[in-house]
Structures are given as C-alpha cells and as structure tokens.
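Data from start-v6.txt: compact mmCIF, C-alpha atoms
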# COMPACT_ATOMS: atom_id res chain seq x y z
CA MET A 1 5.41 31.15 -33.17
CA ARG A 2 2.51 31.63 -35.55
CA LEU A 3 0.93 28.25 -34.72
CA GLY A 4 0.94 29.24 -31.06
CA ILE A 5 -0.98 32.43 -31.88
CA TYR A 6 -3.71 30.46 -33.67
CA SER A 7 -4.06 27.97 -30.81
CA SER A 8 -4.20 30.77 -28.22
CA ARG A 9 -7.33 32.06 -29.97
CA ILE A 10 -8.99 28.75 -29.18
CA PHE A 11 -7.55 27.98 -25.75
CA GLY A 12 -7.00 31.49 -24.42
CA GLU A 13 -4.81 31.69 -21.31
CA ALA A 14 -4.58 27.92 -20.81
CA ASN A 15 -3.20 27.34 -24.30
CA PRO A 16 -1.10 24.16 -24.09
CA PHE A 17 0.50 24.86 -27.49
CA ALA A 18 2.25 28.08 -26.42
CA VAL A 19 5.59 26.27 -26.26
CA LYS A 20 9.05 26.72 -27.74
CA GLY A 21 9.80 24.86 -30.96
CA LEU A 22 6.15 23.98 -31.43
CA TRP A 23 6.49 22.87 -35.05
CA TRP A 24 8.88 19.93 -34.53
CA LYS A 25 7.08 18.81 -31.40
CA LEU A 26 3.76 18.74 -33.25
CA LEU A 27 5.49 17.00 -36.17
CA GLY A 28 6.64 14.23 -33.84
CA VAL A 29 3.12 13.88 -32.42
CA VAL A 30 1.48 13.71 -35.87
CA ILE A 31 4.05 11.20 -37.14
CA LEU A 32 3.52 8.91 -34.14
CA LEU A 33 -0.28 9.06 -34.44
CA PHE A 34 0.16 7.92 -38.05
CA VAL A 35 2.66 5.23 -37.03
CA PHE A 36 0.37 3.74 -34.36
CA THR A 37 -2.61 3.68 -36.75
CA GLY A 38 -0.71 2.34 -39.75
CA GLY A 39 1.44 0.04 -37.65
CA LEU A 40 -1.63 -1.78 -36.38
CA LEU A 41 -3.77 -1.75 -39.51
CA PHE A 42 -1.63 -1.81 -42.65
CA ASP A 43 -0.73 -5.08 -44.36
CA VAL A 44 2.46 -6.87 -43.29
CA PRO A 45 4.22 -9.90 -44.81
CA ARG A 46 2.81 -13.25 -43.68
CA LEU A 47 5.69 -15.13 -42.03
CA ASP A 48 5.81 -18.27 -39.92
CA ILE A 49 6.47 -18.02 -36.16
CA VAL A 50 6.53 -14.21 -36.05
CA ASN A 51 3.00 -13.87 -37.47
CA GLU A 52 1.52 -10.52 -36.43
CA THR A 53 4.41 -9.82 -34.05
CA ILE A 54 6.30 -8.54 -37.09
CA ARG A 55 4.51 -5.28 -36.27
CA GLY A 56 6.76 -5.12 -33.21
CA LEU A 57 9.41 -3.81 -35.61
CA TYR A 58 7.55 -0.47 -35.70
CA PHE A 59 7.56 -0.07 -31.93
CA HIS A 60 10.55 -2.05 -30.56
CA VAL A 61 13.36 -1.02 -32.93
CA PRO A 62 12.71 2.78 -32.82
CA MET A 63 13.34 2.65 -29.06
CA TRP A 64 16.95 1.64 -29.80
CA PHE A 65 17.39 4.20 -32.57
CA THR A 66 16.15 6.91 -30.21
CA MET A 67 18.41 5.69 -27.40
CA ILE A 68 21.44 5.82 -29.70
CA LEU A 69 20.57 9.35 -30.89
CA LEU A 70 20.19 10.56 -27.30
CA PHE A 71 23.51 8.94 -26.30
CA ILE A 72 25.25 10.53 -29.30
CA VAL A 73 23.98 13.98 -28.26
CA SER A 74 25.02 13.25 -24.67
CA THR A 75 28.55 12.30 -25.76
CA ILE A 76 28.91 15.38 -27.97
CA TYR A 77 27.91 17.61 -25.05
CA SER A 78 30.33 15.81 -22.72
CA ILE A 79 33.14 16.59 -25.17
CA LYS A 80 31.86 20.17 -25.39
CA TYR A 81 31.85 20.38 -21.59
CA LEU A 82 35.47 19.26 -21.36
CA ARG A 83 36.38 22.08 -23.77
CA SER A 84 34.17 24.80 -22.29
CA ALA A 85 33.52 23.84 -18.64
CA SER A 86 30.07 25.41 -19.12
CA PRO A 87 27.37 23.96 -16.82
CA ASP A 88 24.90 24.31 -19.72
CA HIS A 89 26.79 21.62 -21.65
CA ASP A 90 26.97 19.36 -18.60
CA ARG A 91 23.20 19.61 -18.11
CA VAL A 92 22.52 18.53 -21.71
CA ALA A 93 24.97 15.62 -21.38
CA VAL A 94 23.44 14.20 -18.21
CA GLU A 95 19.78 14.65 -19.11
CA PHE A 96 20.11 13.23 -22.64
CA ALA A 97 21.88 10.21 -21.14
CA HIS A 98 19.02 9.92 -18.64
CA ALA A 99 16.34 9.94 -21.36
CA GLY A 100 18.49 7.56 -23.41
CA VAL A 101 18.56 4.99 -20.60
CA CYS A 102 14.78 5.31 -20.31
CA PHE A 103 14.36 4.44 -24.00
CA GLY A 104 16.91 1.64 -23.63
CA LEU A 105 14.87 0.07 -20.82
CA LEU A 106 11.73 0.33 -22.97
CA GLY A 107 13.69 -1.40 -25.74
CA ILE A 108 14.76 -4.21 -23.39
CA PHE A 109 11.23 -4.77 -22.01
CA THR A 110 9.53 -4.70 -25.42
CA GLY A 111 12.23 -7.04 -26.70
CA MET A 112 11.67 -9.46 -23.80
CA LEU A 113 7.94 -9.66 -24.50
CA TRP A 114 8.58 -10.20 -28.20
CA ALA A 115 11.30 -12.78 -27.54
CA ASN A 116 8.96 -14.77 -25.30
CA TYR A 117 6.73 -15.50 -28.30
CA ALA A 118 9.27 -15.51 -31.14
CA TRP A 119 12.17 -17.32 -29.45
CA GLY A 120 10.45 -19.13 -26.59
CA THR A 121 11.91 -17.33 -23.55
CA PRO A 122 12.00 -13.67 -22.50
CA TRP A 123 15.75 -13.79 -21.87
CA HIS A 124 17.33 -15.87 -24.55
CA GLY A 125 20.94 -14.99 -23.75
CA ASP A 126 21.13 -13.49 -27.20
CA PRO A 127 24.36 -11.45 -27.60
CA LYS A 128 22.40 -8.35 -28.51
CA GLN A 129 20.16 -8.74 -25.46
CA ASN A 130 23.18 -9.19 -23.18
CA GLY A 131 24.98 -6.32 -24.89
CA SER A 132 22.10 -3.94 -24.40
CA ALA A 133 21.74 -4.98 -20.75
CA ILE A 134 25.45 -4.31 -20.14
CA THR A 135 25.13 -0.95 -21.94
CA THR A 136 22.30 0.01 -19.58
CA LEU A 137 24.45 -0.91 -16.59
CA VAL A 138 27.40 1.07 -17.99
CA TYR A 139 25.19 4.15 -18.26
CA LEU A 140 23.68 3.58 -14.81
CA ALA A 141 27.23 3.65 -13.46
CA TYR A 142 27.53 7.11 -15.03
CA PHE A 143 24.74 8.39 -12.79
CA VAL A 144 26.27 6.66 -9.77
CA LEU A 145 29.60 8.36 -10.50
CA ARG A 146 27.89 11.76 -10.82
CA GLY A 147 26.07 11.36 -7.55
CA SER A 148 29.09 10.12 -5.60
CA LEU A 149 31.06 13.37 -5.87
CA SER A 150 29.87 16.37 -3.88
CA ASN A 151 32.04 18.91 -5.69
CA LYS A 152 29.95 19.97 -8.69
CA GLU A 153 32.74 20.82 -11.11
CA GLN A 154 34.73 17.73 -10.23
CA SER A 155 31.66 15.56 -10.64
CA ALA A 156 30.82 17.12 -14.02
CA LYS A 157 34.37 16.79 -15.33
CA LEU A 158 34.95 13.19 -14.23
CA SER A 159 31.57 12.03 -15.41
CA ALA A 160 32.07 13.75 -18.78
CA VAL A 161 35.20 11.65 -19.31
CA TYR A 162 33.36 8.53 -18.18
CA ASN A 163 30.41 9.32 -20.47
CA ILE A 164 32.68 9.34 -23.52
CA PHE A 165 34.00 5.92 -22.47
CA ALA A 166 30.46 4.68 -21.91
CA PHE A 167 29.55 5.59 -25.48
CA ALA A 168 32.73 3.94 -26.75
CA ALA A 169 31.75 0.77 -24.85
CA MET A 170 28.22 0.79 -26.29
CA ILE A 171 29.38 0.54 -29.93
CA PRO A 172 31.03 -2.92 -29.69
CA LEU A 173 28.41 -4.21 -27.22
CA ILE A 174 25.45 -3.47 -29.47
CA PHE A 175 26.82 -3.23 -33.00
CA ILE A 176 29.97 -5.35 -33.30
CA ILE A 177 29.85 -8.36 -30.94
CA PRO A 178 26.32 -9.49 -31.96
CA ARG A 179 27.42 -9.47 -35.59
CA MET A 180 30.49 -11.58 -34.86
CA THR A 181 28.66 -14.31 -32.94
CA ASP A 182 25.42 -16.15 -33.38
CA SER A 183 22.59 -13.76 -32.63
CA MET A 184 18.91 -14.39 -33.15
CA HIS A 185 18.36 -10.77 -34.13
CA PRO A 186 17.88 -10.15 -37.85
CA GLY A 187 21.05 -8.90 -39.48
CA ASN A 188 23.40 -10.60 -37.00
CA GLY A 189 25.39 -13.83 -37.05
CA GLY A 190 24.49 -14.79 -40.57
CA ASN A 191 20.77 -14.11 -40.21
CA PRO A 192 19.21 -12.24 -43.08
CA ALA A 193 19.42 -8.53 -42.28
CA PHE A 194 16.59 -6.10 -42.47
CA ASN A 195 16.38 -6.82 -46.19
CA MET A 196 13.74 -9.45 -45.44
CA TYR A 197 11.51 -6.61 -44.28
CA ASP A 198 13.17 -3.89 -46.29
CA LEU A 199 11.96 -5.46 -49.51
CA ASP A 200 8.48 -4.70 -48.29
CA ASN A 201 7.89 -1.04 -49.09
CA GLY A 202 4.71 -0.99 -47.04
CA MET A 203 6.71 -1.67 -43.88
CA LYS A 204 9.34 0.94 -44.74
CA ALA A 205 6.57 3.55 -45.02
CA ILE A 206 5.78 3.05 -41.32
CA PHE A 207 9.16 2.01 -39.91
CA TYR A 208 11.13 5.08 -41.04
CA PRO A 209 8.51 7.60 -39.82
CA ALA A 210 8.40 5.62 -36.54
CA VAL A 211 12.15 6.13 -36.07
CA ILE A 212 11.93 9.86 -36.84
CA GLY A 213 8.81 10.36 -34.72
CA TRP A 214 10.26 8.65 -31.65
CA MET A 215 13.55 10.53 -32.08
CA LEU A 216 11.63 13.83 -32.02
CA ILE A 217 9.59 12.84 -28.96
CA GLY A 218 12.71 11.50 -27.20
CA THR A 219 14.57 14.74 -27.86
CA TRP A 220 11.55 16.70 -26.61
CA ILE A 221 11.44 14.77 -23.32
CA ALA A 222 15.21 15.15 -22.90
CA THR A 223 15.05 18.93 -23.47
CA LEU A 224 12.25 19.19 -20.90
CA ARG A 225 14.56 17.49 -18.41
CA VAL A 226 17.44 19.82 -19.35
CA ARG A 227 15.23 22.89 -18.79
CA THR A 228 13.94 21.54 -15.47
CA LYS A 229 17.51 20.97 -14.30
CA LYS A 230 18.46 24.47 -15.37
CA ILE A 231 15.56 25.89 -13.31
CA ASN A 232 16.62 23.77 -10.36
CA ASP A 233 20.25 24.89 -10.63
CA THR A 234 19.22 28.56 -10.95
CA ILE A 235 17.12 28.34 -7.78
CA GLN A 236 20.06 26.67 -6.02
CA GLU A 237 22.35 29.51 -7.06
CA LEU A 238 19.86 32.13 -5.83
CA GLU A 239 19.66 30.37 -2.48
CA ASP A 240 23.46 30.18 -2.23
CA GLU A 241 23.65 33.94 -2.91
CA LYS A 242 21.19 34.59 -0.09
CA LEU A 243 23.33 32.62 2.35
CA GLN A 244 26.50 34.52 1.54
CA MET B 1 -19.95 7.99 -86.86
CA THR B 2 -16.27 8.78 -86.41
CA PRO B 3 -14.08 6.19 -84.73
CA PHE B 4 -13.63 8.61 -81.83
CA LYS B 5 -17.33 8.81 -81.16
CA ASN B 6 -17.55 5.09 -81.54
CA SER B 7 -14.94 4.49 -78.83
CA LYS B 8 -16.75 6.94 -76.59
CA MET B 9 -19.89 4.94 -77.06
CA LYS B 10 -17.99 1.78 -76.23
CA ASN B 11 -16.69 3.32 -73.03
CA PHE B 12 -20.17 4.41 -72.11
CA SER B 13 -21.58 0.96 -72.58
CA LYS B 14 -18.73 -0.50 -70.53
CA ILE B 15 -19.40 1.87 -67.65
CA PHE B 16 -23.11 1.17 -67.91
CA PHE B 17 -22.46 -2.56 -67.74
CA LEU B 18 -20.19 -2.20 -64.68
CA LEU B 19 -22.72 0.04 -62.95
CA THR B 20 -25.46 -2.52 -63.51
CA VAL B 21 -23.29 -5.29 -62.12
CA VAL B 22 -22.36 -3.24 -59.05
CA LEU B 23 -25.95 -2.19 -58.42
CA VAL B 24 -27.26 -5.71 -58.76
CA GLN B 25 -24.56 -7.08 -56.48
CA THR B 26 -25.06 -4.48 -53.74
CA GLY B 27 -28.79 -5.08 -53.98
CA TYR B 28 -28.14 -8.78 -53.51
CA ALA B 29 -25.86 -8.14 -50.56
CA GLN B 30 -28.40 -5.85 -48.95
CA ALA B 31 -31.01 -8.53 -49.27
CA GLN B 32 -28.72 -10.84 -47.26
CA GLN B 33 -27.68 -8.46 -44.51
CA PRO B 34 -28.64 -4.86 -43.72
CA GLU B 35 -25.77 -2.45 -44.41
CA MET B 36 -24.61 -0.66 -41.27
CA ALA B 37 -21.60 1.43 -40.19
CA ASP B 38 -19.53 -1.69 -39.70
CA VAL B 39 -15.99 -0.26 -39.88
CA MET B 40 -15.54 -0.23 -36.11
CA ARG B 41 -16.84 -3.80 -35.86
CA SER B 42 -14.82 -5.40 -38.68
CA ASN B 43 -11.52 -7.31 -38.47
CA GLY B 44 -12.17 -8.51 -34.94
CA LYS B 45 -12.84 -4.90 -33.79
CA ILE B 46 -9.19 -3.95 -34.26
CA TYR B 47 -10.22 -0.38 -35.10
CA VAL B 48 -11.55 -0.01 -31.56
CA VAL B 49 -8.12 -0.94 -30.22
CA VAL B 50 -6.52 1.60 -32.55
CA GLY B 51 -8.95 4.20 -31.21
CA ILE B 52 -8.08 3.36 -27.62
CA ILE B 53 -4.35 3.60 -28.30
CA LEU B 54 -4.76 6.92 -30.11
CA ILE B 55 -6.75 8.37 -27.20
CA VAL B 56 -3.98 7.33 -24.79
CA LEU B 57 -1.32 8.83 -27.05
CA ILE B 58 -3.17 12.10 -27.60
CA GLY B 59 -3.70 12.36 -23.85
CA LEU B 60 -0.03 11.74 -23.09
CA PHE B 61 1.15 14.22 -25.73
CA THR B 62 -1.26 16.89 -24.47
CA TYR B 63 0.20 16.26 -21.02
CA LEU B 64 3.70 16.76 -22.44
CA PHE B 65 2.59 20.04 -24.01
CA THR B 66 1.15 21.34 -20.73
CA LEU B 67 4.33 20.27 -18.93
CA ASP B 68 6.40 22.12 -21.52
CA ARG B 69 4.29 25.23 -20.96
CA LYS B 70 4.65 24.99 -17.19
CA ILE B 71 8.44 24.73 -17.48
CA GLY B 72 8.37 27.73 -19.85
CA LYS B 73 6.45 29.77 -17.26
CA LEU B 74 8.98 28.87 -14.56
CA GLU B 75 11.79 29.91 -16.90
CA ASN B 76 10.09 33.27 -17.42
CA LYS B 77 9.79 33.74 -13.67
CA LEU B 78 13.51 33.13 -13.19
CA ASN B 79 14.47 35.16 -16.30
CA ILE B 80 16.16 32.15 -17.94
CA LYS B 81 16.76 32.63 -21.64
CA LYS B 82 17.24 29.67 -23.90
Turn this file's structure into structure tokens for me.
Amino acid sequence: MRLGIYSSRIFGEANPFAVKGLWWKLLGVVILLFVFTGGLLFDVPRLDIVNETIRGLYFHVPMWFTMILLFIVSTIYSIKYLRSASPDHDRVAVEFAHAGVCFGLLGIFTGMLWANYAWGTPWHGDPKQNGSAITTLVYLAYFVLRGSLSNKEQSAKLSAVYNIFAFAAMIPLIFIIPRMTDSMHPGNGGNPAFNMYDLDNGMKAIFYPAVIGWMLIGTWIATLRVRTKKINDTIQELEDEKLQ
Amino acid sequence: MTPFKNSKMKNFSKIFFLLTVVLVQTGYAQAQQPEMADVMRSNGKIYVVVGIILIVLIGLFTYLFTLDRKIGKLENKLNIKK
C-alpha cells in the first residue's frame, strides 16, 4: 500500500497506518470527521418540537443502516457456510452479526434519548422501537444457540440456519409492521416519509455520507473481530495438534 | 470613448463605491468593538464542542488503526494469509 509507505516515513516502526485496506478505512474516517463537523454546524430546517434534535438524523439513523448492512453480510456468509462448510465463512457470519447487534443497541439507545425529547418518553411503545428490540433479542438468541453446542461443526451449521431465519424475521419487524400500523417514526403509519427532510439538500449532503462512513467503520470493526477469531481458532488448532 | 471602455469605467466606479462602503462599515464596527479571533467564541461556543468531538473521534480511530496493526502482526506470526 503506497499510503502506508508514506506514513512509515513519518512514524517509522510504530506506524499505525501500516494496515490492510488502508484506503477505505481512511475514507471512512475522513467522511465521519466531515459528518460530525457538518452535522453540528451546518444549517438545518427550523421545525417545531424537534428543533435542533433534527441533527439526530445524522447520527441515529446511520446506526440502523450499518446494522442492516452487517446483518446482510452475516446472512450471506451463513448461506455460504451451508454450501461450503468452511470455518472461514462461519467466522464472518458470527462476527458480522456481533458487530451488527452492537450498532443496533447504539441505535436503540440514541433513539431512546431522542424520543424522550421529541415524543415525551424514552420508550414510547412505537412499533419500530418494539420491532428493533425484538430483532436484537432474536440475534442475541443466535449467540446463545452458538454457545450452547459444544460440537463446533454442529454449532456452526445449526446457527447458520437460525441466522438466516433471524434475518428473515428482522425484515417484517423493522420494515413492514411499522408501516402497517401507527408509528411515530417518519415514513411510517401515514407520517410524511423522509421527504420532509429529503427536500432539504443541505441535510442530504451530510446524511448520505454519514450512512456510507458508518458502514465503512462498522465493516472495519467487524473484520477486526473476524481476524481476531481466526487467530484464536488457529492457536486452538495448534494446541490441539500438540495434545495429539 | 467606446461603450466597452465606458462599461469598464462603470464597473470600476461600482467596485470603488462598494469598497468605500465596506471600509467605512468595518471602521465603524472596529470603533464599537475590537476585532479578535472570535470564531471559537461565536454561536454559544459550539465550535469548541465540535473540536472536542473531533479530538475524541480522531483518538478512537487512531486506536482502531493501532489495533488493526497489532492484529496484523499476530497474523504474520501465525502465518495466516487473508
């Protein structure tokens, strides 16, 4: 990586930028630095009740977009695992699901804080809030299932099947049911969709980069977890060989 | 004089007029309050908050980079290829 060579001239041996895939990781960092600056300073529409909390759109919603991306990758790798039985695919599936749950929890907590001031209570019983909470529980059950089986291949295979079902359960819980009933979220239950904000090009210019930036950082964290698990599994294998 | 030169002259006088207005106004403002580097103190000091958040972010991302490098070193030790 050419960028890594330049940074090693400055940092020498302790160069923190000597990493794989440096360009997209740096891209994510630069995008998010822009998003946090612009998200706090740029003009936003003046609306009643929400006031300045409209800026929450830049930081709350990308958590969900990132979670969904990570869950999609996790599901794809679960399907791949069922076809290949390769432990590499299983590792990607479990660690992307793990990072996805982390972003989901951040989405729930940011949403609760926002709801406290926009709707009056942190937990409003909004269908989308309930749906996302159930989704988190469904994915937590995935980790419980993985941990409850001592046979590694059996655990990977069963949990891969469950993971596909978990993703299939997430779609109606987050996307369909809130649209069918009365939800306070914009774009659900007859509320005006994003178009209220979408008309404002200034907000688009921060919101879309925010989604891309968080997706890149989320993927980065997930790949770090995948690589750590691979190292852990390799050490385990070496130890098993020693015992035999 | 050609019309072209004339319009140039008009532009010049316009710019001159604007410059005078700006200079007079800034002079007036300076008389009221000394001009300082006020960016970090304006808008209820929101720029300071932005600075704080950016420092936290840059710190966290640097930490992620060093973590990435550490994992890479471990991979090299165990001969893991990606």
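As for CA of Lys80 in chain A and CA of Phe65 in chain A, they are spaced 22.7 Å apart.
Distances from A:Met215, A:Leu70, A:Ile164, A:Ile231 to Ile71 in chain B were compared using only C-alpha atoms, and the smallest one belongs to A:Ile231.
Picture a line from CA of Lys73 in chain B to CA of Ile10 in chain A; it runs 19.5 Å.
The spacing separating CA of Ala205 in chain A from CA of Trp64 in chain A amounts to 18.5 Å.
Nearest residue to chain B among A:Arg46, A:Lys157, A:His124, A:Lys25 is A:Lys25, counting only C-alpha atoms.
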With a distance threshold of 10 Å and counting only C-alpha atoms, extract the residues of chain B near chain A and express them as a ChimeraX atom specification. /B:43,46-47,49-51,53-55,57-58,61-75,77-80,82
Take the residues from that selection and put them in a file with C-alpha atoms, as a PDB file, in the frame of the given file.
ATOM      1  CA  ASN B  43     -11.520  -7.310 -38.470  1.00  0.00           C
ATOM      2  CA  ILE B  46      -9.190  -3.950 -34.260  1.00  0.00           C
ATOM      3  CA  TYR B  47     -10.220  -0.380 -35.100  1.00  0.00           C
ATOM      4  CA  VAL B  49      -8.120  -0.940 -30.220  1.00  0.00           C
ATOM      5  CA  VAL B  50      -6.520   1.600 -32.550  1.00  0.00           C
ATOM      6  CA  GLY B  51      -8.950   4.200 -31.210  1.00  0.00           C
ATOM      7  CA  ILE B  53      -4.350   3.600 -28.300  1.00  0.00           C
ATOM      8  CA  LEU B  54      -4.760   6.920 -30.110  1.00  0.00           C
ATOM      9  CA  ILE B  55      -6.750   8.370 -27.200  1.00  0.00           C
ATOM     10  CA  LEU B  57      -1.320   8.830 -27.050  1.00  0.00           C
ATOM     11  CA  ILE B  58      -3.170  12.100 -27.600  1.00  0.00           C
ATOM     12  CA  PHE B  61       1.150  14.220 -25.730  1.00  0.00           C
ATOM     13  CA  THR B  62      -1.260  16.890 -24.470  1.00  0.00           C
ATOM     14  CA  TYR B  63       0.200  16.260 -21.020  1.00  0.00           C
ATOM     15  CA  LEU B  64       3.700  16.760 -22.440  1.00  0.00           C
ATOM     16  CA  PHE B  65       2.590  20.040 -24.010  1.00  0.00           C
ATOM     17  CA  THR B  66       1.150  21.340 -20.730  1.00  0.00           C
ATOM     18  CA  LEU B  67       4.330  20.270 -18.930  1.00  0.00           C
ATOM     19  CA  ASP B  68       6.400  22.120 -21.520  1.00  0.00           C
ATOM     20  CA  ARG B  69       4.290  25.230 -20.960  1.00  0.00           C
ATOM     21  CA  LYS B  70       4.650  24.990 -17.190  1.00  0.00           C
ATOM     22  CA  ILE B  71       8.440  24.730 -17.480  1.00  0.00           C
ATOM     23  CA  GLY B  72       8.370  27.730 -19.850  1.00  0.00           C
ATOM     24  CA  LYS B  73       6.450  29.770 -17.260  1.00  0.00           C
ATOM     25  CA  LEU B  74       8.980  28.870 -14.560  1.00  0.00           C
ATOM     26  CA  GLU B  75      11.790  29.910 -16.900  1.00  0.00           C
ATOM     27  CA  LYS B  77       9.790  33.740 -13.670  1.00  0.00           C
ATOM     28  CA  LEU B  78      13.510  33.130 -13.190  1.00  0.00           C
ATOM     29  CA  ASN B  79      14.470  35.160 -16.300  1.00  0.00           C
ATOM     30  CA  ILE B  80      16.160  32.150 -17.940  1.00  0.00           C
ATOM     31  CA  LYS B  82      17.240  29.670 -23.900  1.00  0.00           C
TER      32      LYS B  82
END
Give me, as a PyMOL selection string, all polymer residues having an atom no more than 10 Å from Thr110 in chain A, counting all atoms listed in the file and skipping those fewer than 6 positions away in the same chain. chain A and resi 56+59-61+63+104+122
Selection: 10 Å around Met203 in chain A, all atoms listed in the file, excl. self and same-chain fewer than 6 positions, as a short mmCIF file (atom, residue, chain, number, x, y, z; two decimals) with C-alpha atoms, in the frame of the given file:
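Full text of part-v1.cif as output:
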data_model
loop_
_atom_site.label_atom_id
_atom_site.label_comp_id
_atom_site.auth_asym_id
_atom_site.auth_seq_id
_atom_site.Cartn_x
_atom_site.Cartn_y
_atom_site.Cartn_z
CA GLY A 38 -0.71 2.34 -39.75
CA GLY A 39 1.44 0.04 -37.65
CA PHE A 42 -1.63 -1.81 -42.65
CA ASP A 43 -0.73 -5.08 -44.36
CA VAL A 44 2.46 -6.87 -43.29
CA PRO A 45 4.22 -9.90 -44.81
CA ILE A 54 6.30 -8.54 -37.09
CA ARG A 55 4.51 -5.28 -36.27
CA LEU A 57 9.41 -3.81 -35.61
CA TYR A 58 7.55 -0.47 -35.70
CA TYR A 197 11.51 -6.61 -44.28
#
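With distances restricted to all atoms listed in the file, A:Met184 is the closest residue to Trp123 in chain A from A:Ala160, A:Met184, A:Phe143, A:Lys204.
Minimum distance to Ile177 in chain A across A:Thr66, A:Asn232, A:Gln129, A:Ser150 (counting all atoms listed in the file) occurs at A:Gln129.
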How would range 64-91 of chain A look with N, CA and C atoms restored, written as a PDB file, in the frame of the given file?
ATOM      1  N   TRP A  64      15.487   1.703 -29.755  1.00  0.00           N
ATOM      2  CA  TRP A  64      16.950   1.640 -29.800  1.00  0.00           C
ATOM      3  C   TRP A  64      17.520   2.778 -30.615  1.00  0.00           C
ATOM      4  N   PHE A  65      16.899   3.095 -31.745  1.00  0.00           N
ATOM      5  CA  PHE A  65      17.390   4.200 -32.570  1.00  0.00           C
ATOM      6  C   PHE A  65      17.365   5.498 -31.765  1.00  0.00           C
ATOM      7  N   THR A  66      16.264   5.691 -31.013  1.00  0.00           N
ATOM      8  CA  THR A  66      16.150   6.910 -30.210  1.00  0.00           C
ATOM      9  C   THR A  66      17.200   6.923 -29.115  1.00  0.00           C
ATOM     10  N   MET A  67      17.399   5.762 -28.453  1.00  0.00           N
ATOM     11  CA  MET A  67      18.410   5.690 -27.400  1.00  0.00           C
ATOM     12  C   MET A  67      19.775   6.074 -27.960  1.00  0.00           C
ATOM     13  N   ILE A  68      20.117   5.541 -29.127  1.00  0.00           N
ATOM     14  CA  ILE A  68      21.440   5.820 -29.700  1.00  0.00           C
ATOM     15  C   ILE A  68      21.579   7.299 -30.031  1.00  0.00           C
ATOM     16  N   LEU A  69      20.516   7.912 -30.593  1.00  0.00           N
ATOM     17  CA  LEU A  69      20.570   9.350 -30.890  1.00  0.00           C
ATOM     18  C   LEU A  69      20.814  10.145 -29.608  1.00  0.00           C
ATOM     19  N   LEU A  70      20.061   9.814 -28.551  1.00  0.00           N
ATOM     20  CA  LEU A  70      20.190  10.560 -27.300  1.00  0.00           C
ATOM     21  C   LEU A  70      21.590  10.386 -26.698  1.00  0.00           C
ATOM     22  N   PHE A  71      22.151   9.164 -26.802  1.00  0.00           N
ATOM     23  CA  PHE A  71      23.510   8.940 -26.300  1.00  0.00           C
ATOM     24  C   PHE A  71      24.539   9.693 -27.125  1.00  0.00           C
ATOM     25  N   ILE A  72      24.317   9.773 -28.445  1.00  0.00           N
ATOM     26  CA  ILE A  72      25.250  10.530 -29.300  1.00  0.00           C
ATOM     27  C   ILE A  72      25.268  11.994 -28.866  1.00  0.00           C
ATOM     28  N   VAL A  73      24.064  12.573 -28.688  1.00  0.00           N
ATOM     29  CA  VAL A  73      23.980  13.980 -28.260  1.00  0.00           C
ATOM     30  C   VAL A  73      24.670  14.143 -26.909  1.00  0.00           C
ATOM     31  N   SER A  74      24.415  13.189 -25.994  1.00  0.00           N
ATOM     32  CA  SER A  74      25.020  13.250 -24.670  1.00  0.00           C
ATOM     33  C   SER A  74      26.550  13.248 -24.759  1.00  0.00           C
ATOM     34  N   THR A  75      27.098  12.370 -25.608  1.00  0.00           N
ATOM     35  CA  THR A  75      28.550  12.300 -25.760  1.00  0.00           C
ATOM     36  C   THR A  75      29.118  13.583 -26.326  1.00  0.00           C
ATOM     37  N   ILE A  76      28.441  14.130 -27.356  1.00  0.00           N
ATOM     38  CA  ILE A  76      28.910  15.380 -27.970  1.00  0.00           C
ATOM     39  C   ILE A  76      28.968  16.484 -26.911  1.00  0.00           C
ATOM     40  N   TYR A  77      27.937  16.542 -26.054  1.00  0.00           N
ATOM     41  CA  TYR A  77      27.910  17.610 -25.050  1.00  0.00           C
ATOM     42  C   TYR A  77      28.911  17.358 -23.928  1.00  0.00           C
ATOM     43  N   SER A  78      29.272  16.089 -23.685  1.00  0.00           N
ATOM     44  CA  SER A  78      30.330  15.810 -22.720  1.00  0.00           C
ATOM     45  C   SER A  78      31.668  16.309 -23.252  1.00  0.00           C
ATOM     46  N   ILE A  79      31.914  16.075 -24.553  1.00  0.00           N
ATOM     47  CA  ILE A  79      33.140  16.590 -25.170  1.00  0.00           C
ATOM     48  C   ILE A  79      33.143  18.112 -25.105  1.00  0.00           C
ATOM     49  N   LYS A  80      31.988  18.713 -25.436  1.00  0.00           N
ATOM     50  CA  LYS A  80      31.860  20.170 -25.390  1.00  0.00           C
ATOM     51  C   LYS A  80      32.145  20.679 -23.982  1.00  0.00           C
ATOM     52  N   TYR A  81      31.642  19.929 -22.966  1.00  0.00           N
ATOM     53  CA  TYR A  81      31.850  20.380 -21.590  1.00  0.00           C
ATOM     54  C   TYR A  81      33.327  20.382 -21.244  1.00  0.00           C
ATOM     55  N   LEU A  82      34.047  19.336 -21.675  1.00  0.00           N
ATOM     56  CA  LEU A  82      35.470  19.260 -21.360  1.00  0.00           C
ATOM     57  C   LEU A  82      36.226  20.422 -21.994  1.00  0.00           C
ATOM     58  N   ARG A  83      35.725  20.945 -23.112  1.00  0.00           N
ATOM     59  CA  ARG A  83      36.380  22.080 -23.770  1.00  0.00           C
ATOM     60  C   ARG A  83      35.969  23.410 -23.173  1.00  0.00           C
ATOM     61  N   SER A  84      34.695  23.498 -22.703  1.00  0.00           N
ATOM     62  CA  SER A  84      34.170  24.800 -22.290  1.00  0.00           C
ATOM     63  C   SER A  84      34.020  24.952 -20.782  1.00  0.00           C
ATOM     64  N   ALA A  85      33.821  23.831 -20.078  1.00  0.00           N
ATOM     65  CA  ALA A  85      33.520  23.840 -18.640  1.00  0.00           C
ATOM     66  C   ALA A  85      32.234  24.615 -18.339  1.00  0.00           C
ATOM     67  N   SER A  86      31.333  24.691 -19.333  1.00  0.00           N
ATOM     68  CA  SER A  86      30.070  25.410 -19.120  1.00  0.00           C
ATOM     69  C   SER A  86      29.035  24.463 -18.527  1.00  0.00           C
ATOM     70  N   PRO A  87      28.379  24.853 -17.416  1.00  0.00           N
ATOM     71  CA  PRO A  87      27.370  23.960 -16.820  1.00  0.00           C
ATOM     72  C   PRO A  87      26.196  23.666 -17.760  1.00  0.00           C
ATOM     73  N   ASP A  88      25.963  24.564 -18.738  1.00  0.00           N
ATOM     74  CA  ASP A  88      24.900  24.310 -19.720  1.00  0.00           C
ATOM     75  C   ASP A  88      25.166  23.014 -20.483  1.00  0.00           C
ATOM     76  N   HIS A  89      26.427  22.824 -20.891  1.00  0.00           N
ATOM     77  CA  HIS A  89      26.790  21.620 -21.650  1.00  0.00           C
ATOM     78  C   HIS A  89      26.668  20.375 -20.786  1.00  0.00           C
ATOM     79  N   ASP A  90      27.058  20.507 -19.519  1.00  0.00           N
ATOM     80  CA  ASP A  90      26.970  19.360 -18.600  1.00  0.00           C
ATOM     81  C   ASP A  90      25.513  18.934 -18.412  1.00  0.00           C
ATOM     82  N   ARG A  91      24.628  19.921 -18.306  1.00  0.00           N
ATOM     83  CA  ARG A  91      23.200  19.610 -18.110  1.00  0.00           C
ATOM     84  C   ARG A  91      22.650  18.821 -19.299  1.00  0.00           C
TER      85      ARG A  91
END
